[in-house]
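data.txt (compact mmCIF, C-alpha atoms)
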# COMPACT_ATOMS: atom_id res chain seq x y z
CA MET A 26 -19.97 -33.18 -23.72
CA SER A 27 -18.35 -31.69 -20.61
CA GLU A 28 -18.55 -27.98 -19.88
CA PRO A 29 -15.51 -25.86 -20.78
CA VAL A 30 -13.24 -25.08 -17.85
CA ILE A 31 -13.28 -21.38 -16.91
CA MET A 32 -9.70 -20.41 -16.02
CA ALA A 33 -8.63 -17.66 -13.61
CA GLY A 34 -5.83 -17.08 -11.12
CA VAL A 35 -3.93 -14.67 -8.92
CA ALA A 36 -0.88 -12.81 -10.22
CA GLY A 37 1.82 -11.47 -7.92
CA TRP A 38 5.53 -11.46 -7.12
CA PRO A 39 5.88 -13.39 -4.93
CA VAL A 40 2.57 -15.25 -4.99
CA GLY A 41 3.38 -18.63 -3.44
CA HIS A 42 1.90 -17.53 -0.11
CA SER A 43 -1.51 -16.71 -1.60
CA LEU A 44 -4.50 -18.58 -0.19
CA SER A 45 -6.82 -17.37 -2.93
CA PRO A 46 -6.66 -20.69 -4.84
CA LEU A 47 -7.84 -22.64 -1.77
CA MET A 48 -10.80 -20.31 -1.32
CA MET A 49 -11.77 -20.04 -4.98
CA GLN A 50 -11.44 -23.78 -5.57
CA ALA A 51 -13.70 -24.49 -2.58
CA TRP A 52 -16.35 -22.18 -4.01
CA LEU A 53 -16.01 -23.77 -7.44
CA LYS A 54 -16.48 -27.23 -5.97
CA ASP A 55 -19.48 -26.32 -3.81
CA GLY A 56 -21.04 -24.35 -6.67
CA ALA A 57 -20.52 -27.24 -9.11
CA ILE A 58 -18.81 -24.82 -11.49
CA SER A 59 -16.38 -26.14 -14.10
CA GLY A 60 -13.50 -23.83 -13.33
CA ALA A 61 -9.84 -23.63 -12.38
CA TYR A 62 -7.92 -21.08 -10.32
CA ASP A 63 -4.13 -21.06 -9.91
CA ARG A 64 -1.19 -19.01 -8.65
CA LEU A 65 0.52 -17.01 -11.38
CA PRO A 66 4.00 -15.79 -10.41
CA ILE A 67 4.81 -12.81 -12.65
CA GLU A 68 7.86 -10.58 -12.29
CA PRO A 69 7.16 -6.84 -12.44
CA ASP A 70 9.24 -6.35 -15.59
CA HIS A 71 7.11 -8.91 -17.46
CA PHE A 72 3.68 -8.07 -16.05
CA CYS A 73 2.09 -6.50 -19.12
CA GLU A 74 3.23 -9.11 -21.63
CA LYS A 75 2.36 -12.05 -19.36
CA VAL A 76 -1.13 -10.69 -18.59
CA ARG A 77 -1.87 -10.10 -22.26
CA ALA A 78 -0.70 -13.66 -22.95
CA LEU A 79 -3.13 -15.01 -20.33
CA ALA A 80 -5.97 -13.10 -21.98
CA GLY A 81 -5.07 -14.78 -25.24
CA GLN A 82 -4.92 -18.22 -23.62
CA GLY A 83 -8.58 -18.25 -22.68
CA PHE A 84 -8.41 -16.98 -19.09
CA ALA A 85 -11.56 -15.26 -17.86
CA GLY A 86 -9.52 -12.94 -15.66
CA ILE A 87 -7.10 -12.67 -12.77
CA ASN A 88 -6.79 -11.28 -9.30
CA VAL A 89 -3.79 -8.99 -8.90
CA THR A 90 -1.74 -8.68 -5.72
CA LEU A 91 1.50 -6.98 -4.71
CA PRO A 92 3.31 -5.37 -6.44
CA HIS A 93 1.15 -5.15 -9.58
CA LYS A 94 -2.02 -3.27 -8.61
CA GLU A 95 -1.14 0.10 -10.11
CA ALA A 96 0.35 -1.54 -13.22
CA ALA A 97 -2.88 -3.52 -13.63
CA LEU A 98 -4.96 -0.36 -13.90
CA ALA A 99 -2.52 1.19 -16.36
CA LEU A 100 -2.69 -1.93 -18.53
CA ALA A 101 -6.50 -2.10 -18.72
CA ASP A 102 -8.56 -0.87 -21.66
CA THR A 103 -11.49 0.09 -19.42
CA ALA A 104 -11.92 0.47 -15.67
CA SER A 105 -14.68 0.62 -13.09
CA GLU A 106 -15.39 3.82 -11.17
CA ALA A 107 -13.89 2.17 -8.08
CA ALA A 108 -10.62 1.31 -9.82
CA ARG A 109 -10.33 4.78 -11.30
CA ALA A 110 -11.06 6.41 -7.95
CA VAL A 111 -8.45 4.31 -6.18
CA GLY A 112 -5.88 4.47 -8.95
CA ALA A 113 -5.18 0.75 -8.67
CA ALA A 114 -6.84 -2.54 -9.60
CA ASN A 115 -6.87 -5.93 -7.93
CA VAL A 116 -9.09 -7.57 -10.57
CA LEU A 117 -8.63 -7.78 -14.33
CA VAL A 118 -11.43 -9.28 -16.43
CA PHE A 119 -10.78 -10.46 -19.98
CA ARG A 120 -13.74 -10.08 -22.34
CA GLU A 121 -13.88 -10.07 -26.14
CA GLY A 122 -10.30 -9.00 -26.66
CA SER A 123 -10.29 -6.25 -24.03
CA ILE A 124 -9.10 -6.00 -20.42
CA HIS A 125 -11.37 -4.45 -17.79
CA ALA A 126 -10.05 -3.36 -14.39
CA ASP A 127 -11.93 -3.32 -11.10
CA ASN A 128 -11.05 -2.75 -7.46
CA THR A 129 -12.79 -5.04 -4.99
CA ASP A 130 -10.21 -4.32 -2.26
CA ILE A 131 -12.52 -1.48 -1.26
CA THR A 132 -15.24 -4.00 -0.41
CA GLY A 133 -12.77 -6.18 1.48
CA ILE A 134 -11.48 -3.25 3.54
CA ARG A 135 -14.97 -2.06 4.45
CA ILE A 136 -15.91 -5.56 5.58
CA ALA A 137 -12.72 -5.90 7.65
CA LEU A 138 -13.28 -2.55 9.38
CA LYS A 139 -16.92 -3.35 10.09
CA THR A 140 -16.07 -6.82 11.37
CA GLY A 141 -13.37 -5.31 13.58
CA GLY A 142 -15.83 -2.88 15.13
CA TRP A 143 -14.38 0.42 13.89
CA CYS A 144 -16.62 3.47 14.26
CA PRO A 145 -15.33 6.58 12.43
CA ASP A 146 -14.70 9.46 14.83
CA SER A 147 -13.71 12.97 13.79
CA ASN A 148 -11.65 13.21 16.99
CA ALA A 149 -9.75 9.93 16.44
CA PRO A 150 -7.31 10.02 13.49
CA ALA A 151 -6.82 7.01 11.25
CA VAL A 152 -3.19 6.05 10.65
CA LEU A 153 -2.35 4.42 7.34
CA ILE A 154 0.97 2.60 6.99
CA GLY A 155 2.13 2.50 3.37
CA ALA A 156 1.52 4.34 0.11
CA GLY A 157 1.15 1.62 -2.53
CA GLY A 158 -1.85 0.10 -4.29
CA ALA A 159 -3.40 -1.43 -1.16
CA ALA A 160 -2.94 1.87 0.69
CA ARG A 161 -4.78 3.67 -2.12
CA ALA A 162 -7.84 1.44 -1.58
CA ALA A 163 -7.70 2.07 2.16
CA LEU A 164 -7.40 5.83 1.65
CA HIS A 165 -10.47 5.76 -0.60
CA VAL A 166 -12.43 4.19 2.26
CA LEU A 167 -10.97 6.61 4.81
CA LYS A 168 -11.86 9.62 2.67
CA LYS A 169 -15.50 8.54 2.69
CA SER A 170 -15.38 8.29 6.52
CA ARG A 171 -14.28 11.95 6.84
CA CYS A 172 -12.00 11.20 9.79
CA PRO A 173 -8.53 12.83 10.04
CA VAL A 174 -5.82 10.84 8.26
CA ARG A 175 -2.13 10.37 8.99
CA ILE A 176 0.12 8.49 6.57
CA VAL A 177 3.29 6.73 7.66
CA ASN A 178 5.69 5.77 4.88
CA ARG A 179 9.41 5.44 4.19
CA SER A 180 9.13 7.97 1.35
CA ALA A 181 7.51 11.19 2.49
CA GLU A 182 7.23 12.40 -1.10
CA ARG A 183 5.31 9.27 -2.13
CA ALA A 184 2.97 9.69 0.83
CA LYS A 185 2.40 13.36 0.01
CA ALA A 186 1.65 12.47 -3.61
CA LEU A 187 -0.82 9.84 -2.44
CA ALA A 188 -2.72 12.28 -0.22
CA LYS A 189 -2.71 14.93 -2.94
CA SER A 190 -4.13 12.50 -5.51
CA PHE A 191 -7.14 11.97 -3.24
CA GLY A 192 -7.51 15.63 -2.31
CA ILE A 193 -6.88 14.82 1.35
CA GLU A 194 -5.06 16.97 3.89
CA ALA A 195 -3.04 14.23 5.60
CA ALA A 196 -0.24 14.52 8.14
CA ILE A 197 2.84 12.71 6.78
CA HIS A 198 5.26 10.80 9.01
CA GLY A 199 8.26 8.53 8.48
CA LEU A 200 8.51 5.15 10.19
CA ASP A 201 11.06 6.70 12.52
CA ASN A 202 8.35 9.11 13.72
CA ALA A 203 5.54 6.57 14.04
CA LYS A 204 5.04 7.36 17.74
CA ALA A 205 3.83 10.86 16.92
CA ALA A 206 1.63 9.55 14.11
CA LEU A 207 -0.06 7.01 16.38
CA ALA A 208 -0.80 9.37 19.28
CA GLY A 209 -4.57 9.39 19.87
CA ALA A 210 -5.31 7.22 16.84
CA GLY A 211 -8.62 5.37 16.62
CA LEU A 212 -7.58 3.20 13.69
CA VAL A 213 -4.28 1.77 12.47
CA ILE A 214 -4.04 0.08 9.06
CA ASN A 215 -0.99 -1.77 7.79
CA ALA A 216 -1.19 -1.66 3.99
CA THR A 217 2.41 -2.82 3.43
CA SER A 218 4.02 -6.27 3.21
CA LEU A 219 5.90 -5.66 6.46
CA GLY A 220 5.13 -8.48 8.87
CA MET A 221 4.47 -10.97 6.08
CA LYS A 222 6.31 -14.26 6.35
CA GLY A 223 9.81 -13.70 5.01
CA GLN A 224 9.58 -9.90 5.45
CA PRO A 225 10.80 -7.71 8.32
CA ASP A 226 8.34 -7.17 11.17
CA LEU A 227 6.32 -3.99 11.50
CA ASP A 228 7.10 -2.85 15.02
CA LEU A 229 4.87 0.07 15.97
CA PRO A 230 4.67 1.93 19.31
CA LEU A 231 1.00 1.28 20.05
CA GLU A 232 1.00 2.67 23.58
CA GLY A 233 -0.28 6.04 22.36
CA VAL A 234 -3.38 4.86 20.48
CA ARG A 235 -6.85 5.12 21.98
CA ALA A 236 -8.04 2.26 24.17
CA ASP A 237 -10.91 1.62 21.76
CA ALA A 238 -8.71 1.69 18.66
CA LEU A 239 -8.84 -0.95 15.94
CA VAL A 240 -5.61 -2.33 14.47
CA PHE A 241 -6.15 -3.79 11.01
CA ASP A 242 -3.32 -5.67 9.28
CA MET A 243 -3.86 -6.55 5.61
CA VAL A 244 -1.14 -9.21 5.87
CA TYR A 245 -2.57 -12.70 6.45
CA VAL A 246 0.54 -14.90 6.30
CA PRO A 247 1.06 -15.48 9.20
CA ARG A 248 -2.52 -15.34 10.44
CA GLU A 249 -1.45 -13.40 13.53
CA THR A 250 1.26 -10.96 12.60
CA GLY A 251 3.55 -9.37 15.14
CA LEU A 252 1.52 -6.17 14.87
CA LEU A 253 -1.75 -7.96 15.67
CA ALA A 254 -0.13 -9.86 18.56
CA ALA A 255 1.12 -6.57 20.02
CA ALA A 256 -2.34 -5.01 19.60
CA LYS A 257 -4.04 -7.93 21.33
CA ALA A 258 -1.51 -7.75 24.18
CA ARG A 259 -2.64 -4.16 24.77
CA GLY A 260 -6.32 -5.17 24.67
CA LEU A 261 -7.02 -3.40 21.39
CA LYS A 262 -9.54 -4.50 18.78
CA THR A 263 -8.01 -6.25 15.77
CA ALA A 264 -8.92 -7.25 12.23
CA ASP A 265 -6.75 -9.61 10.22
CA GLY A 266 -6.05 -9.90 6.51
CA LEU A 267 -8.38 -12.87 6.09
CA SER A 268 -11.43 -10.64 6.52
CA MET A 269 -10.26 -8.46 3.66
CA LEU A 270 -9.16 -11.42 1.55
CA ILE A 271 -12.56 -13.10 1.73
CA GLY A 272 -14.46 -9.84 1.31
CA GLN A 273 -12.64 -8.82 -1.87
CA ALA A 274 -12.76 -12.35 -3.33
CA ARG A 275 -16.53 -12.71 -3.49
CA PRO A 276 -17.13 -10.05 -6.19
CA ALA A 277 -13.97 -11.19 -8.01
CA PHE A 278 -15.34 -14.75 -8.19
CA GLU A 279 -18.53 -13.41 -9.74
CA HIS A 280 -16.50 -11.47 -12.31
CA PHE A 281 -14.65 -14.59 -13.40
CA TYR A 282 -17.28 -17.32 -13.19
CA GLY A 283 -20.55 -15.44 -13.69
CA ALA A 284 -22.09 -16.67 -10.43
CA GLU A 285 -22.03 -15.71 -6.77
CA PRO A 286 -19.85 -17.96 -4.59
CA PRO A 287 -21.87 -20.33 -2.38
CA ARG A 288 -22.69 -18.74 0.98
CA GLY A 289 -22.41 -21.98 2.93
CA THR A 290 -18.77 -22.75 2.14
CA PRO A 291 -16.72 -22.39 5.38
CA VAL A 292 -13.90 -20.56 3.62
CA ARG A 293 -12.55 -18.80 6.71
CA THR A 294 -12.25 -22.11 8.53
CA LEU A 295 -10.43 -23.57 5.52
CA LEU A 296 -8.05 -20.63 5.34
CA GLU A 297 -7.34 -20.64 9.07
CA ALA A 298 -6.57 -24.36 8.97
CA ALA A 299 -4.21 -23.84 6.03
CA LEU A 300 -2.37 -21.04 7.84
CA ASP A 301 -2.12 -23.01 11.07
CA GLY A 302 -0.58 -25.87 9.11
CA ARG A 303 2.22 -23.72 7.69

Spit out the file's structure as structure tokens when you get a sec.
Amino acid sequence: MSEPVIMAGVAGWPVGHSLSPLMMQAWLKDGAISGAYDRLPIEPDHFCEKVRALAGQGFAGINVTLPHKEAALALADTASEAARAVGAANVLVFREGSIHADNTDITGIRIALKTGGWCPDSNAPAVLIGAGGAARAALHVLKKSRCPVRIVNRSAERAKALAKSFGIEAAIHGLDNAKAALAGAGLVINATSLGMKGQPDLDLPLEGVRADALVFDMVYVPRETGLLAAAKARGLKTADGLSMLIGQARPAFEHFYGAEPPRGTPVRTLLEAALDGR
């Protein structure tokens, strides 16, 4: 008798760009695990009912991407300390009739920042672009670093509420005042969908950042966003969204399939090849 197929997927709107299935399926194959992982397009207005339906259809869990991360936490019956601290979830695990929320974006962000060579400096502010679920995970990491924080967002009120929820004294700027926000910055993080394929570019005046600054863009479609291209042109350090994607996926895989993903699978090479072919 064959083993039962363990089902999981990634829910978002849109979600057609997601490379998570390619990565997860490669790990399943190399780990000889009987599992499936698919894209799950879910409109925001139907998120709760569709997720509960998946739980009833035998899914082990799902990854959650834009714009559902805050809704995912609100939907869950229980949540990890990380998800509660961030106020958003990118992983939902279905077990025995209940839904458990976790946030592995924190792990992905830490890995991306370390890979990019960022060293926290109390004299070099970190600039966070955005105030949604992904930005909440980034702010959690930044709070632990104890470096000054500036938040750039279209809605100043939303940015202020974000900082207040973390107990952080952050300088708030609009996109039209990004030049002032970026002056002397040692780290720039794009936690929005700006720059993603099909979305407007994120055009930032990087001339004022420190020469040793790291520019980290969570967007990974395209692999080199306009922001990262501009950063490289100025000789700045960069970290792309693939580093975060892979970093957050490893603990999610273990949640769903009960095993660590194989270490030898060249997932970054697979993902890069897929992006280059688009």

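Nearest-residue note for Ala78 (chain A): choosing from A:Ile124, A:Ala203, A:Glu28, A:Ala284, the minimum distance belongs to A:Ile124, counting all atoms listed in the file.
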
| field | Close residues, region 223-233 of chain A itself excluded, 8 Å, all atoms listed in the file, min 3 positions apart in chain, as JSON, numbers by chain | value | {"A": [203, 204, 207, 208, 209, 210, 218, 219, 220, 251, 252, 255, 256, 259]}

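Our summary of the geometry notes that CA of Val76 (chain A) is positioned 12.5 Å from CA of Lys94 (chain A).
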
| query | From the set A:Asp127, A:Glu121, A:Asp201, A:Asp265, which residue has the shortest atom-to-atom contact distance to Ser105 (chain A), counting all atoms listed in the file? | reply |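 Smallest distance to Ser105 (chain A) is found for A:Asp127.
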
| query | What does the distance between CA of Leu239 (chain A) and CA of Thr132 (chain A) come to in Å, to one decimal place? | reply |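 Between CA of Leu239 (chain A) and CA of Thr132 (chain A) the gap works out to 17.8 Å.
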
| query | How many Å lie between CA of Lys75 (chain A) and CA of Pro276 (chain A), rounded to one decimal? | reply |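 About the pair CA of Lys75 (chain A) and CA of Pro276 (chain A): they are 23.6 Å apart.
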
| said: Let me make sure I understand: among A:Pro173, A:Gly283, A:Gly86, A:Pro150, which one has the smallest atom-to-atom distance to Val234 (chain A) if we use all atoms listed in the file? | reply: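 Answer, going by the shortest atom-to-atom distance: A:Pro150.
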
| field | Nearest-residue call for Ala195 (chain A), choices A:Ile176, A:Ile131, A:Val213, A:Ala299, using all atoms listed in the file | value |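 Result for the nearest residue to Ala195 (chain A): A:Ile176.
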
| task | Find the spatial neighbours of Pro287 (chain A), counting all atoms listed in the file, within a cut-off of 8 Å - ignore same-chain residues fewer than 6 positions away - and output them as a PyMOL selection string. | result | chain A and resi 52+55-56

| Between A:Pro286, A:Gly266, A:Gly211, A:Gly34, which is the closest to Leu117 (chain A) once you count only C-alpha atoms? |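 Smallest distance to Leu117 (chain A) is found for A:Gly34.
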
| request: Determine, counting all atoms listed in the file, which protein, DNA and RNA residues have an atom within 8 Å of an atom of His125 (chain A); residues of the same chain fewer than 6 positions away are not included. Present the result as a PyMOL selection string. | output: chain A and resi 101-105+117-119

| field | Option closest in space to Gly157 (chain A), from A:Gly133, A:Gly81, A:Pro92, A:Pro145 [counting all atoms listed in the file] | value |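 Using all atoms listed in the file, Gly157 (chain A) sits closest to A:Pro92.
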
| Who sits within 7 Å of Gly37 (chain A), only C-alpha atoms, same chain under 4 positions skipped, as a ChimeraX atom specification | /A:65-67,89-93

| message | Distance cut-off 9 Å, centre (-14.6, -6.7, 6.3) in file coordinates, counting only C-alpha atoms: which residues qualify? Return them as a PyMOL selection string. | response | chain A and resi 132-141+264+267-273

Could you write those residues out with C-alpha atoms, as a compact mmCIF listing (two decimals), in the coordinates of the input?
# COMPACT_ATOMS: atom_id res chain seq x y z
CA THR A 132 -15.24 -4.00 -0.41
CA GLY A 133 -12.77 -6.18 1.48
CA ILE A 134 -11.48 -3.25 3.54
CA ARG A 135 -14.97 -2.06 4.45
CA ILE A 136 -15.91 -5.56 5.58
CA ALA A 137 -12.72 -5.90 7.65
CA LEU A 138 -13.28 -2.55 9.38
CA LYS A 139 -16.92 -3.35 10.09
CA THR A 140 -16.07 -6.82 11.37
CA GLY A 141 -13.37 -5.31 13.58
CA ALA A 264 -8.92 -7.25 12.23
CA LEU A 267 -8.38 -12.87 6.09
CA SER A 268 -11.43 -10.64 6.52
CA MET A 269 -10.26 -8.46 3.66
CA LEU A 270 -9.16 -11.42 1.55
CA ILE A 271 -12.56 -13.10 1.73
CA GLY A 272 -14.46 -9.84 1.31
CA GLN A 273 -12.64 -8.82 -1.87

| Exercise: residues within 7 Å of coordinate (5.9, -16.7, 4.7), counting all atoms listed in the file, as a PyMOL selection string | chain A and resi 42+221-223+246-247

| Arg179 (chain A) surroundings by only C-alpha atoms, 8 Å radius, close-in-sequence under 2 positions cut, as a list of chain:residue names |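 Non-adjacent residues within range: A:Gly155, A:Val177, A:Ala181, A:Gly199, A:Leu200.
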